[in-house]
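Enquirer: Below you'll find model36.pdb; it's PDB, C-alpha atoms and all ligand atoms.
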MODEL        1
ATOM      1  CA  MET A   1      84.709  92.071 110.531
ATOM      2  CA  SER A   2      81.775  94.383 111.230
ATOM      3  CA  GLU A   3      79.347  95.149 108.413
ATOM      4  CA  LEU A   4      80.346  97.991 106.127
ATOM      5  CA  LYS A   5      77.784 100.606 105.183
ATOM      6  CA  PRO A   6      76.854 100.036 101.534
ATOM      7  CA  ARG A   7      78.527 102.580  99.266
ATOM      8  CA  LYS A   8      77.369 103.390  95.741
ATOM      9  CA  ASP A   9      80.246 105.440  94.336
ATOM     10  CA  LEU A  10      83.997 105.886  94.642
ATOM     11  CA  LEU A  11      84.665 109.564  93.937
ATOM     12  CA  ASP A  12      87.626 110.545  96.117
ATOM     13  CA  ILE A  13      89.848 109.408  98.981
ATOM     14  CA  GLU A  14      88.843 111.996 101.585
ATOM     15  CA  SER A  15      85.410 110.445 102.144
ATOM     16  CA  LEU A  16      86.694 106.886 102.665
ATOM     17  CA  GLU A  17      86.565 105.302 106.119
ATOM     18  CA  LEU A  18      89.547 103.278 107.295
ATOM     19  CA  ASP A  19      87.495 100.058 107.416
ATOM     20  CA  GLU A  20      86.448 100.600 103.791
ATOM     21  CA  ILE A  21      90.077 101.025 102.757
ATOM     22  CA  GLU A  22      91.018  97.831 104.608
ATOM     23  CA  TYR A  23      88.090  95.996 103.013
ATOM     24  CA  VAL A  24      89.125  96.937  99.469
ATOM     25  CA  LEU A  25      92.846  96.328 100.020
ATOM     26  CA  GLY A  26      92.091  93.061 101.828
ATOM     27  CA  ASN A  27      89.972  91.770  98.936
ATOM     28  CA  ALA A  28      92.534  92.852  96.352
ATOM     29  CA  VAL A  29      94.932  90.214  97.721
ATOM     30  CA  PRO A  30      92.929  87.093  96.726
ATOM     31  CA  PHE A  31      92.013  88.768  93.428
ATOM     32  CA  LYS A  32      95.724  89.200  92.719
ATOM     33  CA  GLN A  33      96.395  85.538  93.621
ATOM     34  CA  LEU A  34      93.882  84.605  90.933
ATOM     35  CA  PHE A  35      96.256  85.998  88.288
ATOM     36  CA  GLN A  36      98.610  83.055  88.878
ATOM     37  CA  ARG A  37      95.904  80.578  87.908
ATOM     38  CA  SER A  38      95.183  79.447  84.365
ATOM     39  CA  VAL A  39      91.584  80.677  84.715
ATOM     40  CA  LYS A  40      91.835  84.273  85.949
ATOM     41  CA  LYS A  41      88.103  84.919  86.203
ATOM     42  CA  VAL A  42      85.496  84.880  88.943
ATOM     43  CA  PRO A  43      81.761  84.876  88.199
ATOM     44  CA  THR A  44      80.943  87.677  90.712
ATOM     45  CA  LEU A  45      79.596  90.221  88.214
ATOM     46  CA  ARG A  46      78.108  87.879  85.632
ATOM     47  CA  GLY A  47      75.191  89.622  83.919
ATOM     48  CA  LYS A  48      76.274  93.059  85.179
ATOM     49  CA  THR A  49      77.436  95.800  82.871
ATOM     50  CA  VAL A  50      80.381  98.173  83.208
ATOM     51  CA  LEU A  51      80.630 101.268  81.047
ATOM     52  CA  ASN A  52      84.072 102.819  80.583
ATOM     53  CA  LEU A  53      83.535 106.488  79.765
ATOM     54  CA  PHE A  54      86.819 108.253  79.017
ATOM     55  CA  TYR A  55      86.781 111.928  78.060
ATOM     56  CA  GLU A  56      90.587 112.122  78.261
ATOM     57  CA  PRO A  57      93.044 109.893  76.449
ATOM     58  CA  SER A  58      94.076 106.914  78.533
ATOM     59  CA  THR A  59      95.463 103.517  77.696
ATOM     60  CA  ARG A  60      96.696 102.290  81.013
ATOM     61  CA  THR A  61      93.773 103.144  83.261
ATOM     62  CA  SER A  62      91.013 102.348  80.779
ATOM     63  CA  SER A  63      92.509  98.964  79.897
ATOM     64  CA  SER A  64      93.123  98.228  83.584
ATOM     65  CA  PHE A  65      89.431  98.797  84.327
ATOM     66  CA  GLU A  66      88.492  96.751  81.271
ATOM     67  CA  VAL A  67      90.647  93.798  82.325
ATOM     68  CA  ALA A  68      89.344  94.074  85.911
ATOM     69  CA  ALA A  69      85.704  94.056  84.765
ATOM     70  CA  ASN A  70      86.353  91.135  82.408
ATOM     71  CA  ARG A  71      87.966  89.141  85.208
ATOM     72  CA  MET A  72      84.827  89.742  87.294
ATOM     73  CA  SER A  73      82.799  88.324  84.329
ATOM     74  CA  ALA A  74      80.967  91.615  83.727
ATOM     75  CA  ASP A  75      80.047  92.837  80.245
ATOM     76  CA  VAL A  76      82.165  95.870  79.386
ATOM     77  CA  THR A  77      81.451  98.678  76.950
ATOM     78  CA  ASN A  78      84.129 101.229  76.148
ATOM     79  CA  PHE A  79      82.816 104.657  75.268
ATOM     80  CA  SER A  80      85.628 106.911  74.155
ATOM     81  CA  VAL A  81      85.176 110.559  73.343
ATOM     82  CA  SER A  82      86.234 110.596  69.719
ATOM     83  CA  SER A  83      83.806 107.854  68.708
ATOM     84  CA  SER A  84      80.803 109.193  70.604
ATOM     85  CA  SER A  85      78.443 112.132  70.241
ATOM     86  CA  ILE A  86      80.206 113.881  73.112
ATOM     87  CA  THR A  87      82.333 115.536  70.420
ATOM     88  CA  LYS A  88      79.132 116.583  68.654
ATOM     89  CA  GLY A  89      78.261 118.899  71.513
ATOM     90  CA  GLU A  90      75.929 116.659  73.479
ATOM     91  CA  SER A  91      75.660 118.050  77.003
ATOM     92  CA  LEU A  92      76.848 116.042  79.953
ATOM     93  CA  LEU A  93      73.306 115.606  81.271
ATOM     94  CA  ASP A  94      72.037 114.390  77.888
ATOM     95  CA  THR A  95      74.886 111.927  77.805
ATOM     96  CA  ILE A  96      73.976 110.748  81.289
ATOM     97  CA  GLU A  97      70.379 110.224  80.206
ATOM     98  CA  THR A  98      71.541 108.129  77.283
ATOM     99  CA  LEU A  99      73.794 106.172  79.607
ATOM    100  CA  GLN A 100      70.880 105.631  81.999
ATOM    101  CA  ALA A 101      68.851 104.158  79.170
ATOM    102  CA  MET A 102      71.674 101.641  78.669
ATOM    103  CA  GLN A 103      71.116 100.538  82.283
ATOM    104  CA  SER A 104      74.741 100.117  83.181
ATOM    105  CA  ASP A 105      75.462  98.928  86.678
ATOM    106  CA  TYR A 106      78.877 100.610  86.894
ATOM    107  CA  ILE A 107      80.155 103.730  85.140
ATOM    108  CA  VAL A 108      83.899 104.332  85.164
ATOM    109  CA  ILE A 109      84.548 107.934  84.236
ATOM    110  CA  ARG A 110      87.594 110.060  83.466
ATOM    111  CA  HIS A 111      87.093 113.729  82.683
ATOM    112  CA  GLN A 112      89.303 116.793  82.337
ATOM    113  CA  ALA A 113      87.042 118.829  84.638
ATOM    114  CA  ALA A 114      87.130 118.281  88.401
ATOM    115  CA  GLY A 115      83.770 117.273  89.864
ATOM    116  CA  VAL A 116      82.207 115.698  86.758
ATOM    117  CA  PRO A 117      82.097 112.177  88.283
ATOM    118  CA  ASN A 118      80.191 113.632  91.269
ATOM    119  CA  ILE A 119      77.582 115.154  88.941
ATOM    120  CA  VAL A 120      77.190 111.894  87.047
ATOM    121  CA  ALA A 121      76.871 109.982  90.340
ATOM    122  CA  LYS A 122      74.000 112.213  91.478
ATOM    123  CA  HIS A 123      72.046 111.560  88.297
ATOM    124  CA  THR A 124      72.357 107.819  87.994
ATOM    125  CA  GLY A 125      71.622 104.708  90.019
ATOM    126  CA  ALA A 126      74.763 103.131  88.600
ATOM    127  CA  SER A 127      77.880 103.000  90.736
ATOM    128  CA  VAL A 128      80.247 105.698  89.532
ATOM    129  CA  ILE A 129      84.010 105.219  89.823
ATOM    130  CA  ASN A 130      86.187 108.268  89.343
ATOM    131  CA  ALA A 131      89.080 107.264  87.066
ATOM    132  CA  GLY A 132      90.629 110.746  87.292
ATOM    133  CA  ASP A 133      88.965 114.189  87.132
ATOM    134  CA  GLY A 134      91.129 117.191  86.301
ATOM    135  CA  TYR A 135      93.545 118.045  89.109
ATOM    136  CA  HIS A 136      91.114 116.690  91.670
ATOM    137  CA  ALA A 137      91.222 112.964  92.408
ATOM    138  CA  HIS A 138      92.267 109.520  91.207
ATOM    139  CA  PRO A 139      91.136 107.220  94.006
ATOM    140  CA  THR A 140      91.876 103.827  92.411
ATOM    141  CA  GLN A 141      95.442 104.987  91.715
ATOM    142  CA  ALA A 142      95.829 105.876  95.404
ATOM    143  CA  LEU A 143      94.500 102.454  96.430
ATOM    144  CA  LEU A 144      96.830 100.583  94.088
ATOM    145  CA  ASP A 145      99.783 102.702  95.230
ATOM    146  CA  THR A 146      98.997 101.894  98.845
ATOM    147  CA  MET A 147      98.629  98.188  98.095
ATOM    148  CA  THR A 148     102.001  98.248  96.304
ATOM    149  CA  PHE A 149     103.778 100.093  99.122
ATOM    150  CA  ARG A 150     102.250  97.869 101.801
ATOM    151  CA  GLU A 151     103.395  94.711  99.986
ATOM    152  CA  VAL A 152     107.041  95.776 100.340
ATOM    153  CA  HIS A 153     106.548  97.416 103.754
ATOM    154  CA  PRO A 154     103.889  95.450 105.665
ATOM    155  CA  ASP A 155     104.811  97.545 108.735
ATOM    156  CA  TYR A 156     103.983 100.684 106.768
ATOM    157  CA  ALA A 157     102.967 103.107 109.552
ATOM    158  CA  GLY A 158     105.695 105.686 110.147
ATOM    159  CA  LYS A 159     107.427 104.897 106.845
ATOM    160  CA  ARG A 160     108.312 107.772 104.498
ATOM    161  CA  ILE A 161     107.563 108.477 100.845
ATOM    162  CA  ALA A 162     108.960 111.351  98.788
ATOM    163  CA  ILE A 163     106.833 112.551  95.863
ATOM    164  CA  ILE A 164     108.812 114.334  93.152
ATOM    165  CA  GLY A 165     107.625 116.692  90.441
ATOM    166  CA  ASP A 166     104.454 118.375  89.311
ATOM    167  CA  VAL A 167     102.394 118.133  92.489
ATOM    168  CA  LEU A 168     100.230 121.118  91.552
ATOM    169  CA  HIS A 169      98.594 119.532  88.496
ATOM    170  CA  SER A 170      98.586 115.997  89.810
ATOM    171  CA  ARG A 171      95.419 114.262  90.936
ATOM    172  CA  VAL A 172      97.658 111.280  91.670
ATOM    173  CA  ALA A 173      99.747 113.300  94.129
ATOM    174  CA  ARG A 174      96.575 114.593  95.777
ATOM    175  CA  SER A 175      94.823 111.236  96.189
ATOM    176  CA  THR A 176      97.878 109.099  96.886
ATOM    177  CA  SER A 177      99.340 111.469  99.483
ATOM    178  CA  THR A 178      95.958 111.727 101.223
ATOM    179  CA  LEU A 179      95.645 107.953 101.423
ATOM    180  CA  PHE A 180      99.259 107.523 102.575
ATOM    181  CA  HIS A 181      98.654 110.106 105.269
ATOM    182  CA  LYS A 182      95.492 108.274 106.392
ATOM    183  CA  GLN A 183      97.669 105.143 106.744
ATOM    184  CA  GLY A 184     100.228 106.932 108.912
ATOM    185  CA  ILE A 185     102.845 107.057 106.135
ATOM    186  CA  GLU A 186     104.806 110.326 106.062
ATOM    187  CA  VAL A 187     104.795 112.352 102.836
ATOM    188  CA  GLY A 188     107.417 114.809 101.563
ATOM    189  CA  VAL A 189     107.464 116.648  98.224
ATOM    190  CA  LEU A 190     110.135 118.084  95.944
ATOM    191  CA  GLY A 191     109.536 119.989  92.719
ATOM    192  CA  PRO A 192     109.838 123.308  90.918
ATOM    193  CA  GLY A 193     108.582 126.093  93.185
ATOM    194  CA  ALA A 194     105.657 126.928  90.933
ATOM    195  CA  LEU A 195     104.541 123.295  90.827
ATOM    196  CA  ILE A 196     104.337 122.797  94.600
ATOM    197  CA  PRO A 197     100.951 124.140  95.703
ATOM    198  CA  GLU A 198     100.970 126.994  98.221
ATOM    199  CA  GLY A 199      97.866 125.636  99.878
ATOM    200  CA  ARG A 200      99.156 122.085 100.263
ATOM    201  CA  PRO A 201      98.022 120.114 103.302
ATOM    202  CA  ASP A 202     100.087 120.528 106.481
ATOM    203  CA  PHE A 203     101.205 116.908 106.415
ATOM    204  CA  MET A 204     103.166 117.484 103.148
ATOM    205  CA  ARG A 205     106.703 118.339 104.108
ATOM    206  CA  ARG A 206     108.495 120.344 101.420
ATOM    207  CA  PHE A 207     112.103 119.696 100.381
ATOM    208  CA  GLN A 208     114.360 122.171  98.598
ATOM    209  CA  SER A 209     116.809 119.685  97.084
ATOM    210  CA  TRP A 210     117.496 116.015  96.413
ATOM    211  CA  GLU A 211     120.041 116.174  99.191
ATOM    212  CA  ASP A 212     117.282 117.043 101.645
ATOM    213  CA  VAL A 213     115.187 114.197 100.252
ATOM    214  CA  PHE A 214     117.951 111.635 100.751
ATOM    215  CA  ASP A 215     118.782 112.969 104.225
ATOM    216  CA  TRP A 216     115.160 112.243 105.182
ATOM    217  CA  LYS A 217     115.763 108.559 104.220
ATOM    218  CA  PRO A 218     112.569 107.866 102.289
ATOM    219  CA  HIS A 219     111.445 104.248 101.904
ATOM    220  CA  ALA A 220     110.077 105.010  98.428
ATOM    221  CA  ILE A 221     110.489 107.743  95.851
ATOM    222  CA  TYR A 222     107.397 108.434  93.792
ATOM    223  CA  LEU A 223     108.082 110.239  90.506
ATOM    224  CA  LEU A 224     105.173 112.105  88.928
ATOM    225  CA  ARG A 225     104.694 112.567  85.208
ATOM    226  CA  VAL A 226     105.198 116.151  84.084
ATOM    227  CA  GLN A 227     101.656 117.174  83.105
ATOM    228  CA  MET A 228     102.414 119.110  79.894
ATOM    229  CA  GLU A 229      98.760 119.125  78.869
ATOM    230  CA  ARG A 230      97.712 120.930  82.051
ATOM    231  CA  GLN A 231     100.328 123.656  82.080
ATOM    232  CA  GLU A 232      99.106 126.897  80.642
ATOM    233  CA  GLY A 233     102.127 128.835  81.829
ATOM    234  CA  GLN A 234     105.823 128.097  81.849
ATOM    235  CA  PHE A 235     106.551 126.459  85.186
ATOM    236  CA  PHE A 236     110.197 125.542  84.558
ATOM    237  CA  PRO A 237     112.724 126.704  81.937
ATOM    238  CA  SER A 238     112.891 123.555  79.751
ATOM    239  CA  ILE A 239     112.473 119.801  79.802
ATOM    240  CA  ALA A 240     116.261 119.383  79.840
ATOM    241  CA  GLU A 241     116.433 121.658  82.868
ATOM    242  CA  TYR A 242     113.634 119.750  84.599
ATOM    243  CA  HIS A 243     115.464 116.483  84.028
ATOM    244  CA  LYS A 244     118.658 117.935  85.428
ATOM    245  CA  MET A 245     116.961 119.288  88.539
ATOM    246  CA  TYR A 246     114.343 116.652  89.319
ATOM    247  CA  GLY A 247     114.835 113.585  87.110
ATOM    248  CA  MET A 248     115.994 110.229  88.438
ATOM    249  CA  ASN A 249     119.498 109.987  86.937
ATOM    250  CA  SER A 250     122.553 107.770  87.565
ATOM    251  CA  GLU A 251     123.842 109.827  90.458
ATOM    252  CA  ARG A 252     120.513 109.883  92.315
ATOM    253  CA  LEU A 253     120.088 106.207  91.544
ATOM    254  CA  VAL A 254     123.282 105.523  93.489
ATOM    255  CA  SER A 255     121.865 107.355  96.520
ATOM    256  CA  MET A 256     118.555 105.490  96.175
ATOM    257  CA  ARG A 257     120.300 102.152  95.995
ATOM    258  CA  LYS A 258     122.316 102.993  99.120
ATOM    259  CA  LEU A 259     119.101 103.715 100.973
ATOM    260  CA  GLY A 260     117.348 100.659  99.564
ATOM    261  CA  ALA A 261     114.429 102.886  98.592
ATOM    262  CA  TYR A 262     111.788 101.683  96.137
ATOM    263  CA  LEU A 263     110.875 103.578  92.944
ATOM    264  CA  MET A 264     107.242 104.282  91.996
ATOM    265  CA  HIS A 265     105.565 106.094  89.075
ATOM    266  CA  PRO A 266     101.879 106.085  88.027
ATOM    267  CA  GLY A 267     102.679 105.890  84.295
ATOM    268  CA  PRO A 268     102.832 106.770  81.539
ATOM    269  CA  VAL A 269     106.549 107.432  82.016
ATOM    270  CA  ASN A 270     108.318 110.176  80.044
ATOM    271  CA  ARG A 271     111.700 108.488  79.612
ATOM    272  CA  GLY A 272     114.517 111.001  79.717
ATOM    273  CA  VAL A 273     112.358 113.480  81.649
ATOM    274  CA  GLU A 274     111.356 112.078  85.054
ATOM    275  CA  VAL A 275     113.482 108.997  84.659
ATOM    276  CA  THR A 276     116.398 107.693  82.598
ATOM    277  CA  ASP A 277     116.422 104.302  80.836
ATOM    278  CA  GLU A 278     118.935 103.138  83.416
ATOM    279  CA  ALA A 279     116.636 104.065  86.315
ATOM    280  CA  MET A 280     113.735 102.267  84.591
ATOM    281  CA  GLY A 281     115.745  99.069  85.055
ATOM    282  CA  TYR A 282     116.345  99.680  88.776
ATOM    283  CA  GLU A 283     115.938  96.427  90.710
ATOM    284  CA  LYS A 284     113.667  98.066  93.279
ATOM    285  CA  SER A 285     111.327  99.648  90.758
ATOM    286  CA  LEU A 286     107.693  98.908  91.605
ATOM    287  CA  ILE A 287     106.280 100.341  88.377
ATOM    288  CA  SER A 288     105.162  96.979  86.902
ATOM    289  CA  THR A 289     103.781  95.881  90.259
ATOM    290  CA  GLN A 290     101.688  99.063  90.330
ATOM    291  CA  VAL A 291     100.161  98.043  86.983
ATOM    292  CA  GLU A 292      99.419  94.514  88.187
ATOM    293  CA  ASN A 293      97.983  95.703  91.485
ATOM    294  CA  GLY A 294      95.835  98.208  89.590
ATOM    295  CA  ILE A 295      93.802  95.356  88.147
ATOM    296  CA  ALA A 296      93.392  93.610  91.520
ATOM    297  CA  VAL A 297      92.365  96.827  93.283
ATOM    298  CA  ARG A 298      89.845  97.706  90.574
ATOM    299  CA  MET A 299      88.334  94.216  90.844
ATOM    300  CA  ALA A 300      88.039  94.761  94.601
ATOM    301  CA  VAL A 301      86.383  98.151  94.039
ATOM    302  CA  LEU A 302      83.845  96.675  91.597
ATOM    303  CA  HIS A 303      83.132  93.930  94.113
ATOM    304  CA  TRP A 304      82.660  96.454  96.951
ATOM    305  CA  LEU A 305      80.413  99.139  95.428
ATOM    306  CA  LYS A 306      76.652  98.580  95.432
ATOM    307  CA  PRO A 307      74.792 100.120  92.495
ATOM    308  CA  GLU A 308      71.185 101.100  93.123
ATOM    309  CA  THR A 309      70.375  99.074  90.026
ATOM    310  CA  GLN A 310      70.973  95.940  92.105
ATOM    311  CA  LYS A 311      68.073  96.189  94.543
ATOM    312  CA  GLU A 312      66.763  92.653  94.302
TER     313      GLU A 312
HETATM  314  C1  LIG B 401      97.807 109.269  85.811
HETATM  315  C2  LIG B 401      96.616 110.137  85.444
HETATM  316  O1  LIG B 401      96.100 110.014  84.348
HETATM  317  O2  LIG B 401      96.251 110.909  86.274
HETATM  318  N1  LIG B 401      98.018 108.167  84.999
HETATM  319  C3  LIG B 401      97.282 107.080  85.107
HETATM  320  O3  LIG B 401      96.219 107.071  85.692
HETATM  321  N2  LIG B 401      97.791 105.980  84.561
HETATM  322  C4  LIG B 401      99.027 110.017  85.929
HETATM  323  C5  LIG B 401      99.441 110.831  84.769
HETATM  324  O4  LIG B 401      98.859 110.818  83.696
HETATM  325  O5  LIG B 401     100.435 111.526  84.952
ENDMDL
END
Could you render the structure from this file as structure tokens?
Expert:
Amino acid sequence: MSELKPRKDLLDIESLELDEIEYVLGNAVPFKQLFQRSVKKVPTLRGKTVLNLFYEPSTRTSSSFEVAANRMSADVTNFSVSSSSITKGESLLDTIETLQAMQSDYIVIRHQAAGVPNIVAKHTGASVINAGDGYHAHPTQALLDTMTFREVHPDYAGKRIAIIGDVLHSRVARSTSTLFHKQGIEVGVLGPGALIPEGRPDFMRRFQSWEDVFDWKPHAIYLLRVQMERQEGQFFPSIAEYHKMYGMNSERLVSMRKLGAYLMHPGPVNRGVEVTDEAMGYEKSLISTQVENGIAVRMAVLHWLKPETQKE
């Protein structure tokens, strides 16, 4: 394989080259194989430090990064908002200066405002990994989703994925659909009118009903979490109504099973809203695989990025 250009940060999907995507996804495979061994660690990042900086609540993503960094033998510090001076009004740039003084090699950041990881990246020599910023991007989620889809469909080009729900507020929908499109996977969306962005990319085909979705014969159905915390207005009448219109229920499960389509969800799942308990037990659900692949992909990302702190 030809040499990749060194990259310091992972901030979005748009700026990734295809060979970089292949490099990360290719390396995630042996990292995942490691999980079957009794010793799940490699010494790659021994002596390096990873700072997990989460301004938004997160269990799944922050612990996934923590496990990934531990398995690379890095030292990990978790900096969560409530226990830090961020809540005491410290400005972002002051925080960055403090972080600089800690000489972290990698900063994993989640923030409610789009673009914050880019600002942090400009002001530090550490590698910055965007773990989700506002509506904008969630690149490691897109990479793990692609890894998961490609495992079940190695001949993925030309396959179809339907994304259901709150596309407007979803950084997952934005990053994952962009990466799927880059891989030649077709993307369709279904959701309440007000939650499907007007200015969506041309490659996103819009469906009006589940019937349309099933007629399209998707290879996977990707349910999004309803983003209650990001909805200032009323985008649909009620949760019960949302479930009725867009949730994965018994009837839709029958159609999915007939198609042999896989079920995906980024978590955390709102049971009874996007998905019923019955659908959670669907034999072609990839939700746990997404979690497992998340660790492998994040190890591969840590392995790939080159902090400026590492100029030996
Ligand atoms: C996603 C996020 O935070 O953007 N979750 C995650 O990363 N595990 C999706 C979501 O919260 O809906």
Enquirer: Can you pull out every residue with an atom within 10 Å of ligand LIG 401 (chain B)? Use only C-alpha atoms and all ligand atoms and format it as a ChimeraX atom specification.
Expert: /A:56-64,110-112,131-142,166,169-173,223-229,265-270,290-291,294
Enquirer: Take the point (93.2, 109.1, 100.6) as written in the file and pick out every residue within 10 Å of it, counting all atoms listed in the file; give the list as a short mmCIF file (atom, residue, chain, number, x, y, z; two decimals) with C-alpha atoms, in the frame of the given file.
Expert:
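Once everything was written out, this is selection.cif:
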data_model
loop_
_atom_site.label_atom_id
_atom_site.label_comp_id
_atom_site.auth_asym_id
_atom_site.auth_seq_id
_atom_site.Cartn_x
_atom_site.Cartn_y
_atom_site.Cartn_z
CA ASP A 12 87.63 110.54 96.12
CA ILE A 13 89.85 109.41 98.98
CA GLU A 14 88.84 112.00 101.58
CA SER A 15 85.41 110.44 102.14
CA LEU A 16 86.69 106.89 102.66
CA GLU A 17 86.56 105.30 106.12
CA LEU A 18 89.55 103.28 107.30
CA ILE A 21 90.08 101.02 102.76
CA ALA A 137 91.22 112.96 92.41
CA HIS A 138 92.27 109.52 91.21
CA PRO A 139 91.14 107.22 94.01
CA THR A 140 91.88 103.83 92.41
CA ALA A 142 95.83 105.88 95.40
CA LEU A 143 94.50 102.45 96.43
CA THR A 146 99.00 101.89 98.84
CA ARG A 174 96.58 114.59 95.78
CA SER A 175 94.82 111.24 96.19
CA THR A 176 97.88 109.10 96.89
CA SER A 177 99.34 111.47 99.48
CA THR A 178 95.96 111.73 101.22
CA LEU A 179 95.64 107.95 101.42
CA PHE A 180 99.26 107.52 102.58
CA HIS A 181 98.65 110.11 105.27
CA LYS A 182 95.49 108.27 106.39
CA GLN A 183 97.67 105.14 106.74
#
Enquirer: Decode the PyMOL selection byres (((chain A and resi 206) around 7) and not hetatm) for the given file into explicit residues and return them as an MDAnalysis selection string.
Expert: chainID A and resid 188:190 204:205 207:208
Enquirer: Translate the PyMOL selection byres (((chain A and resi 301) around 12) and not hetatm) into a concrete residue list for this structure, as a PyMOL selection string.
Expert: chain A and resi 7-11+20-28+31+45+65+68-69+72+106+108+127-131+139-141+143-144+294-300+302-307
Enquirer: Tell me, as a PyMOL selection string, which residues lie within 9 Å of stretch 277-289 of chain A, counting only C-alpha atoms; anything in the same chain fewer than 6 positions away does not count.
Expert: chain A and resi 148-149+248-250+253+257+260-267+271
Enquirer: Write out as a compact mmCIF listing (two decimals) with C-alpha atoms, in the coordinates of the input the residues lying within 8 Å of A:Arg46, counting all atoms listed in the file and excluding same-chain residues fewer than 4 positions away.
Expert:
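out.txt, freshly written:
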# COMPACT_ATOMS: atom_id res chain seq x y z
CA MET A 72 84.83 89.74 87.29
CA SER A 73 82.80 88.32 84.33
CA ALA A 74 80.97 91.62 83.73
CA ASP A 75 80.05 92.84 80.24
Enquirer: Put the listed atoms of stretch 276-290 of chain A in a box along x, y and z with 5 Å added on every side and give me the centre and edge lengths in Å to one decimal, as JSON.
Expert:
{"center_x": 110.3, "center_y": 101.8, "center_z": 87.1, "size_x": 27.2, "size_y": 21.8, "size_z": 22.4}
Enquirer: Looking at only C-alpha atoms, which of A:Gly165, A:Gly125, A:Pro237, A:Pro6 is the one that sits closest to A:Ile221?
Expert: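 Using only C-alpha atoms, A:Ile221 sits closest to A:Gly165.
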